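Undergrad: Submitted below is the structure of interest, expressed as structure tokens.
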Amino acid sequence: MTARSAPFIIRRMANHSRFTSPASPDHRSRWTTVALAVMLSTPGAFASILDSATAAGAFGLYPAPDFRITTGGCTDCPTLRQALWYFRAETIAVPKTGMPVAGWTPGVHVYDDIRQWASTRPANAPIDYPPLVWIAAPEVARHARLSADGRALSMPDGTLPFRPIAKIPLNRSYYDASSVAWFRDRALTVRGTSSPEGFVARTFWPDAWAFGPVAPPARAMPAAGSNAEALRMMMREEPRGGAQSPYHASMLWQRGAMDPALAGKTVLGFMVNGAQGDDDEAHGGHFALVTGRVQDDGSLGDWLVNNFYSLDVESEKGIIAAPLPLDDYLADLNSGQGWYRPTYMLVAVLRDERAAVLVQSALNRVYNQFYRHQLEYYHPSENCASISVDTLRALGWNVPARGPSSRTLAWLGFPYVALKELSLEKATVAFDYMVTDQSRLMPAAALEEIFGSLLTMSRGQATPGQGPLATMLAEDMEGLAFLRFPQFPSSRKFGDAPAVSTWEYEKLIPKDPALRQLVPVPPRPFPAELRDPDLLRHAWRPSDFALVVWSLITVVGLPYAAWRVWKWRRSRRGSPA
């Protein structure tokens, strides 16, 4: 990056926030309310050939029958009221009575809560249940085939008419003829809602996308200067980051005595979604932590993805932050990341479930604090990557830091952006982007650092200074796999591998503002009546200090400097001071 282009990236970072978008009506409520009304008024319309989403199977590490299906409008759920408010028009699964639901500590910052909770928790304590799982639809069609015309689903026990759920108005592309052509040749698991007229599909998941029941083929890592570079090469070895390539699963490392039969093994996954092809705010990708078990048939659609996303905007895709099944996370017709870009996942295969149980239980506590707004999403430093990495670090895994993009550029660029954009808000956002550790800012950088750390652990010992989680992983990890998921064909442009640094991100954005593709989204204000009295003030961000320093320089320093110059010039002319 040249000195001339430096202000350009700062301005880009300043304009990356989605919090300033204009308001618009709730774009989800209409179609969701209709779907829920159909579900509640016509239960079991096709019960003979459909399964309830909680009748069998799992949500990650949890047996699905431990949950019941409801909506955020329920009045007897063991779920905090703030979480229910966000899902008032959505289908969710909540733990049944008697299940140990995760809590939180009032009046404590989120990661202090995690550290304190983890320090007193026995190593083999049972798992805590999440406040909810966003399942999106109440019924599942298994081993289904799409008819040639795309209007029916055929299953072993019968055939039913089908249609996809409606497109969210703000969603700029959708399922089309290319989608039908791609899915109709594959066995599918489809989530949806039955009605008297047929089945309204919410997700399509290819059954062939599997992990197990035996270990996938081993592959050698590319020759590279570092582990991070090797992983980057694997993400970019296919055109467009594998967006149009076949699904891929391979073993990168396995302990010598590892049993190739993986069924029943616990997994801890680290997922990054790539760059979108039609959104210049999304070249950095998205990050999530995943927990689950290898199933007897190798299916992985029920692994649980812990997705953090801004609660304070109405996503154009209908995304709401929540734990949700992998097939929903990637394949939901509106919000599924697989419709927007390719995806990559590192999968640590564990001989004991304790590390995954610890991570999932901790994330459940984070969700409680997130819904309460003790933790608020902030793109530069409290985003999908930073929330996940900070949770891992609070549990005792010191994921290596990569350092900020440029502290010098941040400080020098603060007044430039403020004057150029006539906005202190944009200047502070740009400053925070530039000083945030890249392993907390860029999802691909986070994945690379995690990958290197896991390979270090593969020798069986955590590095000095590591805590409980790192020790568990070092002792329990038996294998490390790499998975790549292509993008589903639709009317959307294909994506690519994610940018790994702010400098690479900057190069992907058109220099002409008229050519930049941005998706404005309306805000979703958090109701004042849902704010608990114990919420703490948020700690100062780095930009708050920059604002104070530059304000002092502007208000005090510049006048003082001008006065000193004036005195010096008068003295040079021989005038009295």
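Labels for the structure tokens follow display order: chains A, B, ..., residues from 1 in each chain, ligands from 1.
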Using DSSP on the backbone coordinates, identify the residues of region 165-337 of chain A assigned to alpha helix (DSSP H); present them as a ChimeraX atom specification.
TA: /A:177-183,227-235,326-331
Undergrad: Taking the chain letters and numbering used in this document, name the residues of region 174-328 of chain A that DSSP puts in strand (DSSP E), as a ChimeraX atom specification.
TA: /A:188-195,198-206,248-254,266-273,286-293,304-307,322-325
Undergrad: Just want the 8 Å neighbourhood of region 233-248 of chain A, counted on only C-alpha atoms, with same-chain residues fewer than 3 positions away dropped. Output as a ChimeraX atom specification.
TA: /A:209,221-222,229-230,274,341-342,344,482-487,494-497
Undergrad: Can you work out the spacing between CA of His373 (chain A) and CA of Thr97 (chain A) in Å, to one decimal?
TA: 25.8 Å
Undergrad: Nearest residue to Ser226 (chain A) out of A:Gly269, A:Pro533, A:Gly452, A:Gly479, using only C-alpha atoms?
TA: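 Closest to Ser226 (chain A) of all the choices is A:Gly452.
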Undergrad: Neighbours of Glu314 (chain A) within 6 Å (only C-alpha atoms; same-chain residues fewer than 4 positions away dropped), as a PDB file with N, CA, C and O atoms, in the first residue's frame?
TA:
```pdb
ATOM      1  N   PRO A 522     -32.133  -1.324   7.180  1.00  0.00           N
ATOM      2  CA  PRO A 522     -32.761  -0.479   8.195  1.00  0.00           C
ATOM      3  C   PRO A 522     -32.314  -0.864   9.598  1.00  0.00           C
ATOM      4  O   PRO A 522     -31.970  -2.018   9.856  1.00  0.00           O
ATOM      5  N   PRO A 523     -32.326   0.097  10.524  1.00  0.00           N
ATOM      6  CA  PRO A 523     -31.961  -0.217  11.909  1.00  0.00           C
ATOM      7  C   PRO A 523     -33.067  -0.982  12.621  1.00  0.00           C
ATOM      8  O   PRO A 523     -34.229  -0.965  12.198  1.00  0.00           O
ATOM      9  N   ARG A 524     -32.703  -1.664  13.692  1.00  0.00           N
ATOM     10  CA  ARG A 524     -33.668  -2.343  14.553  1.00  0.00           C
ATOM     11  C   ARG A 524     -33.362  -1.878  15.985  1.00  0.00           C
ATOM     12  O   ARG A 524     -32.593  -2.525  16.703  1.00  0.00           O
TER      13      ARG A 524
END
```
Undergrad: Using only C-alpha atoms, which residue out of A:Gly158, A:Gly284, A:Pro65, A:Pro468 lies closest to Ala141 (chain A)?
TA: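 Of A:Gly158, A:Gly284, A:Pro65, A:Pro468, the one nearest Ala141 (chain A) is A:Gly158, counting only C-alpha atoms.
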Undergrad: I'd like the neighbourhood of region 321-323 of chain A as a ChimeraX atom specification, where a residue qualifies if any of its atoms comes within 12 Å (using only C-alpha atoms), though same-chain residues fewer than 4 positions away should be ignored.
TA: /A:59-62,83-84,86-87,90,92-94,129-136,288-292,302-315,327-329,335,360-361,363-368,370-371,376-377,383-384,387
Undergrad: Store the residues picked out above, limited to C-alpha atoms, as an mmCIF file, in the first residue's frame.
TA:
```cif
data_model
loop_
_atom_site.group_PDB
_atom_site.id
_atom_site.type_symbol
_atom_site.label_atom_id
_atom_site.label_comp_id
_atom_site.auth_asym_id
_atom_site.auth_seq_id
_atom_site.Cartn_x
_atom_site.Cartn_y
_atom_site.Cartn_z
ATOM 1 C CA PHE A 59 -28.703 -29.929 17.415
ATOM 2 C CA GLY A 60 -24.949 -30.180 17.619
ATOM 3 C CA LEU A 61 -24.072 -31.821 20.935
ATOM 4 C CA TYR A 62 -27.710 -31.820 22.091
ATOM 5 C CA ALA A 83 -33.982 -13.271 23.066
ATOM 6 C CA LEU A 84 -37.662 -14.062 22.572
ATOM 7 C CA TYR A 86 -35.861 -11.017 18.426
ATOM 8 C CA PHE A 87 -37.531 -14.302 17.455
ATOM 9 C CA GLU A 90 -39.560 -17.057 13.947
ATOM 10 C CA ILE A 92 -37.304 -21.775 17.382
ATOM 11 C CA ALA A 93 -36.548 -24.789 19.554
ATOM 12 C CA VAL A 94 -36.202 -24.208 23.297
ATOM 13 C CA TYR A 129 -28.226 -25.684 27.075
ATOM 14 C CA PRO A 130 -28.627 -22.607 24.850
ATOM 15 C CA PRO A 131 -31.456 -20.118 25.408
ATOM 16 C CA LEU A 132 -32.823 -21.204 22.022
ATOM 17 C CA VAL A 133 -31.897 -22.798 18.717
ATOM 18 C CA TRP A 134 -33.128 -21.044 15.592
ATOM 19 C CA ILE A 135 -34.509 -23.916 13.508
ATOM 20 C CA ALA A 136 -36.477 -21.643 11.106
ATOM 21 C CA ALA A 288 -18.430 -18.908 13.258
ATOM 22 C CA LEU A 289 -17.638 -21.671 15.756
ATOM 23 C CA VAL A 290 -19.266 -25.092 15.264
ATOM 24 C CA THR A 291 -19.891 -28.038 17.607
ATOM 25 C CA GLY A 292 -21.327 -31.478 16.957
ATOM 26 C CA ASP A 302 -27.264 -30.987 12.339
ATOM 27 C CA TRP A 303 -23.949 -29.639 13.639
ATOM 28 C CA LEU A 304 -24.592 -26.442 15.577
ATOM 29 C CA VAL A 305 -23.222 -23.171 14.193
ATOM 30 C CA ASN A 306 -22.820 -20.256 16.598
ATOM 31 C CA ASN A 307 -23.497 -17.219 14.443
ATOM 32 C CA PHE A 308 -22.952 -13.691 15.760
ATOM 33 C CA TYR A 309 -24.408 -10.904 13.659
ATOM 34 C CA SER A 310 -25.558 -7.376 14.421
ATOM 35 C CA LEU A 311 -28.853 -7.349 16.300
ATOM 36 C CA ASP A 312 -29.285 -3.623 15.720
ATOM 37 C CA VAL A 313 -30.019 -3.831 12.000
ATOM 38 C CA GLU A 314 -32.607 -5.693 9.949
ATOM 39 C CA SER A 315 -30.502 -7.947 7.743
ATOM 40 C CA ASP A 327 -27.948 -26.823 7.115
ATOM 41 C CA ASP A 328 -29.961 -23.759 8.166
ATOM 42 C CA TYR A 329 -26.841 -21.623 8.459
ATOM 43 C CA SER A 335 -30.259 -16.177 5.038
ATOM 44 C CA GLN A 360 -20.594 -24.455 23.507
ATOM 45 C CA SER A 361 -21.604 -23.830 27.127
ATOM 46 C CA LEU A 363 -21.065 -19.420 23.879
ATOM 47 C CA ASN A 364 -24.537 -19.949 25.327
ATOM 48 C CA ARG A 365 -23.633 -17.515 28.116
ATOM 49 C CA VAL A 366 -22.315 -15.052 25.529
ATOM 50 C CA TYR A 367 -25.626 -15.237 23.667
ATOM 51 C CA ASN A 368 -27.506 -14.340 26.851
ATOM 52 C CA PHE A 370 -25.579 -10.472 23.595
ATOM 53 C CA TYR A 371 -29.375 -10.512 23.548
ATOM 54 C CA GLU A 376 -23.167 -5.034 21.450
ATOM 55 C CA TYR A 377 -22.051 -5.815 17.915
ATOM 56 C CA ASN A 383 -17.798 -8.641 15.279
ATOM 57 C CA CYS A 384 -18.294 -12.304 14.377
ATOM 58 C CA ILE A 387 -16.577 -12.365 19.692
#
```
Undergrad: Considering only C-alpha atoms, can you say which of A:Leu424, A:Leu80, A:Val108, A:Val267 comes closest to Ser551 (chain A)?
TA: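 Checking each candidate against Ser551 (chain A), we get A:Leu424 as the closest.
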Undergrad: Restricting the calculation to only C-alpha atoms: of A:Pro206, A:Pro380, A:Pro443, A:Gly467, which residue gets closest to Pro542 (chain A)?
TA: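 The closest residue to Pro542 (chain A) is A:Pro380.
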Undergrad: I'd like to know which of A:Arg81, A:Lys317, A:His283, A:Lys420 is closest to Arg531 (chain A), using only C-alpha atoms.
TA: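 Smallest distance to Arg531 (chain A) is found for A:Arg81.
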Undergrad: Need the shell around Arg172 (chain A): protein/DNA/RNA residues with any atom at most 12 Å away, counting only C-alpha atoms. Skip same-chain ones fewer than 3 positions apart. Format as a CSV table (one decimal) with all heavy atoms, in the first residue's frame?
TA:
```csv
chain,number,residue,atom,x,y,z
A,167,LYS,N,-39.1,-14.8,-1.2
A,167,LYS,CA,-37.9,-14.0,-1.1
A,167,LYS,C,-38.2,-12.8,-0.2
A,167,LYS,O,-39.2,-12.1,-0.3
A,167,LYS,CB,-37.4,-13.6,-2.5
A,167,LYS,CG,-36.1,-12.8,-2.5
A,167,LYS,CD,-35.7,-12.4,-3.9
A,167,LYS,CE,-36.4,-11.3,-4.4
A,167,LYS,NZ,-36.1,-10.0,-3.7
A,168,ILE,N,-37.2,-12.5,0.7
A,168,ILE,CA,-37.3,-11.3,1.5
A,168,ILE,C,-37.1,-10.1,0.5
A,168,ILE,O,-36.3,-10.1,-0.4
A,168,ILE,CB,-36.2,-11.2,2.5
A,168,ILE,CG1,-36.5,-12.3,3.6
A,168,ILE,CG2,-36.1,-9.9,3.2
A,168,ILE,CD1,-35.4,-12.4,4.7
A,169,PRO,N,-38.0,-9.0,0.6
A,169,PRO,CA,-37.9,-7.9,-0.4
A,169,PRO,C,-36.5,-7.3,-0.5
A,169,PRO,O,-36.1,-7.0,-1.6
A,169,PRO,CB,-38.9,-6.9,0.2
A,169,PRO,CG,-39.9,-7.8,0.9
A,169,PRO,CD,-39.1,-8.9,1.5
A,175,TYR,N,-33.1,-18.0,-5.3
A,175,TYR,CA,-33.3,-19.3,-6.0
A,175,TYR,C,-34.0,-19.2,-7.3
A,175,TYR,O,-35.0,-18.4,-7.5
A,175,TYR,CB,-34.2,-20.1,-5.0
A,175,TYR,CG,-34.7,-21.5,-5.4
A,175,TYR,CD1,-34.1,-22.6,-5.0
A,175,TYR,CD2,-36.0,-21.6,-6.1
A,175,TYR,CE1,-34.6,-23.9,-5.3
A,175,TYR,CE2,-36.5,-22.9,-6.4
A,175,TYR,CZ,-35.8,-24.0,-6.0
A,175,TYR,OH,-36.3,-25.2,-6.3
A,278,ASP,N,-21.3,-9.7,-4.8
A,278,ASP,CA,-22.1,-8.6,-5.1
A,278,ASP,C,-22.4,-7.6,-4.0
A,278,ASP,O,-23.4,-6.9,-3.9
A,278,ASP,CB,-23.5,-9.0,-5.7
A,278,ASP,CG,-24.3,-9.8,-4.7
A,278,ASP,OD1,-23.7,-10.2,-3.6
A,278,ASP,OD2,-25.4,-10.2,-4.9
A,279,ASP,N,-21.4,-7.6,-3.0
A,279,ASP,CA,-21.5,-6.7,-1.9
A,279,ASP,C,-20.1,-6.3,-1.4
A,279,ASP,O,-19.4,-7.1,-0.9
A,279,ASP,CB,-22.3,-7.4,-0.7
A,279,ASP,CG,-22.5,-6.5,0.5
A,279,ASP,OD1,-22.0,-5.4,0.5
A,279,ASP,OD2,-23.3,-7.0,1.4
A,316,GLU,N,-30.7,-7.7,5.3
A,316,GLU,CA,-31.4,-7.9,4.1
A,316,GLU,C,-31.7,-9.4,3.7
A,316,GLU,O,-32.5,-9.7,2.9
A,316,GLU,CB,-30.6,-7.2,2.9
A,316,GLU,CG,-29.4,-8.0,2.4
A,316,GLU,CD,-28.2,-7.8,3.3
A,316,GLU,OE1,-28.3,-7.2,4.4
A,316,GLU,OE2,-27.1,-8.2,2.9
A,317,LYS,N,-31.0,-10.3,4.5
A,317,LYS,CA,-31.2,-11.7,4.3
A,317,LYS,C,-32.0,-12.3,5.4
A,317,LYS,O,-32.3,-13.5,5.3
A,317,LYS,CB,-29.8,-12.4,4.2
A,317,LYS,CG,-28.8,-11.8,3.2
A,317,LYS,CD,-27.4,-12.2,3.5
A,317,LYS,CE,-26.4,-11.4,2.8
A,317,LYS,NZ,-25.0,-11.6,3.2
A,334,ASN,N,-33.1,-17.7,2.2
A,334,ASN,CA,-32.8,-16.3,2.3
A,334,ASN,C,-31.5,-16.0,3.0
A,334,ASN,O,-30.7,-15.3,2.5
A,334,ASN,CB,-34.0,-15.6,3.0
A,334,ASN,CG,-35.1,-15.2,2.0
A,334,ASN,OD1,-35.0,-14.4,1.2
A,334,ASN,ND2,-36.3,-15.9,2.2
A,335,SER,N,-31.4,-16.6,4.2
A,335,SER,CA,-30.3,-16.2,5.0
A,335,SER,C,-29.1,-17.1,4.9
A,335,SER,O,-28.0,-16.8,5.5
A,335,SER,CB,-30.7,-16.1,6.5
A,335,SER,OG,-31.1,-17.4,7.0
A,339,TRP,N,-25.7,-19.5,-0.1
A,339,TRP,CA,-26.2,-18.9,-1.3
A,339,TRP,C,-25.5,-17.6,-1.8
A,339,TRP,O,-25.7,-17.1,-2.8
A,339,TRP,CB,-27.7,-18.5,-1.1
A,339,TRP,CG,-28.6,-19.7,-0.9
A,339,TRP,CD1,-29.0,-20.3,0.2
A,339,TRP,CD2,-29.2,-20.4,-2.0
A,339,TRP,NE1,-29.8,-21.4,0.0
A,339,TRP,CE2,-29.9,-21.5,-1.4
A,339,TRP,CE3,-29.2,-20.3,-3.4
A,339,TRP,CZ2,-30.7,-22.4,-2.1
A,339,TRP,CZ3,-29.9,-21.3,-4.1
A,339,TRP,CH2,-30.6,-22.3,-3.5
A,340,TYR,N,-24.5,-17.2,-1.0
A,340,TYR,CA,-23.8,-16.0,-1.2
A,340,TYR,C,-22.3,-16.1,-1.5
A,340,TYR,O,-21.7,-15.2,-2.1
A,340,TYR,CB,-24.0,-15.0,0.0
A,340,TYR,CG,-25.4,-14.8,0.3
A,340,TYR,CD1,-26.1,-15.6,1.2
A,340,TYR,CD2,-26.1,-13.7,-0.3
A,340,TYR,CE1,-27.5,-15.3,1.5
A,340,TYR,CE2,-27.4,-13.5,-0.1
A,340,TYR,CZ,-28.1,-14.3,0.8
A,340,TYR,OH,-29.4,-14.1,1.1
A,490,SER,N,-27.7,-19.6,-8.1
A,490,SER,CA,-28.9,-18.9,-8.0
A,490,SER,C,-28.7,-17.7,-8.9
A,490,SER,O,-27.8,-17.6,-9.7
A,490,SER,CB,-29.2,-18.4,-6.6
A,490,SER,OG,-28.3,-17.4,-6.2
A,491,SER,N,-29.6,-16.7,-8.8
A,491,SER,CA,-29.4,-15.5,-9.6
A,491,SER,C,-28.3,-14.6,-9.1
A,491,SER,O,-28.0,-13.6,-9.7
A,491,SER,CB,-30.8,-14.7,-9.6
A,491,SER,OG,-31.1,-14.2,-8.3
A,492,ARG,N,-27.7,-15.0,-8.0
A,492,ARG,CA,-26.6,-14.2,-7.4
A,492,ARG,C,-25.3,-14.5,-8.0
A,492,ARG,O,-25.0,-15.6,-8.4
A,492,ARG,CB,-26.5,-14.5,-5.9
A,492,ARG,CG,-25.5,-13.6,-5.1
A,492,ARG,CD,-25.6,-13.8,-3.6
A,492,ARG,NE,-26.8,-13.4,-3.1
A,492,ARG,CZ,-27.1,-12.2,-2.7
A,492,ARG,NH1,-26.2,-11.2,-2.8
A,492,ARG,NH2,-28.3,-11.9,-2.2
A,493,LYS,N,-24.5,-13.4,-8.1
A,493,LYS,CA,-23.1,-13.6,-8.7
A,493,LYS,C,-22.3,-14.5,-7.7
A,493,LYS,O,-22.5,-14.4,-6.5
A,493,LYS,CB,-22.4,-12.2,-8.8
A,493,LYS,CG,-21.0,-12.3,-9.3
A,493,LYS,CD,-20.5,-10.8,-9.4
A,493,LYS,CE,-19.0,-10.8,-9.9
A,493,LYS,NZ,-18.5,-9.4,-10.0
A,517,GLN,N,-20.9,-1.7,-4.8
A,517,GLN,CA,-22.1,-2.4,-4.5
A,517,GLN,C,-22.3,-2.4,-3.0
A,517,GLN,O,-21.6,-3.1,-2.3
A,517,GLN,CB,-22.2,-3.8,-5.1
A,517,GLN,CG,-22.0,-3.8,-6.6
A,517,GLN,CD,-22.1,-5.2,-7.1
A,517,GLN,OE1,-23.2,-5.8,-7.2
A,517,GLN,NE2,-21.0,-5.8,-7.5
A,518,LEU,N,-23.3,-1.7,-2.5
A,518,LEU,CA,-23.6,-1.6,-1.0
A,518,LEU,C,-25.0,-2.0,-0.8
A,518,LEU,O,-25.9,-1.7,-1.7
A,518,LEU,CB,-23.3,-0.3,-0.5
A,518,LEU,CG,-21.8,0.3,-0.7
A,518,LEU,CD1,-21.7,1.7,-0.2
A,518,LEU,CD2,-20.8,-0.7,0.0
A,519,VAL,N,-25.3,-2.6,0.3
A,519,VAL,CA,-26.7,-3.0,0.6
A,519,VAL,C,-27.2,-2.2,1.9
A,519,VAL,O,-26.8,-2.6,3.0
A,519,VAL,CB,-26.8,-4.5,0.8
A,519,VAL,CG1,-28.3,-4.9,1.1
A,519,VAL,CG2,-26.2,-5.3,-0.3
A,520,PRO,N,-27.9,-1.1,1.7
A,520,PRO,CA,-28.4,-0.4,2.9
A,520,PRO,C,-29.4,-1.2,3.6
A,520,PRO,O,-30.3,-1.9,3.0
A,520,PRO,CB,-28.9,0.9,2.3
A,520,PRO,CG,-29.3,0.6,0.9
A,520,PRO,CD,-28.3,-0.4,0.5
```
Undergrad: For CA of Leu375 (chain A) and CA of Ala275 (chain A), determine how far apart the two atoms are, in Å to one decimal place.
TA: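 Between CA of Leu375 (chain A) and CA of Ala275 (chain A) the gap works out to 26.0 Å.
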Undergrad: Find the residues near Arg354 (chain A): any atom within 10 Å, counting only C-alpha atoms, skip ones fewer than 5 places away on the same chain, and give them as a ChimeraX atom specification.
TA: /A:123-127,266,359-360,469,472-473,476
Undergrad: Just to confirm, what's the straight-line distance from CA of Phe162 (chain A) to CA of Phe199 (chain A) in Å (one decimal)?
TA: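 A separation of 4.6 Å between them.
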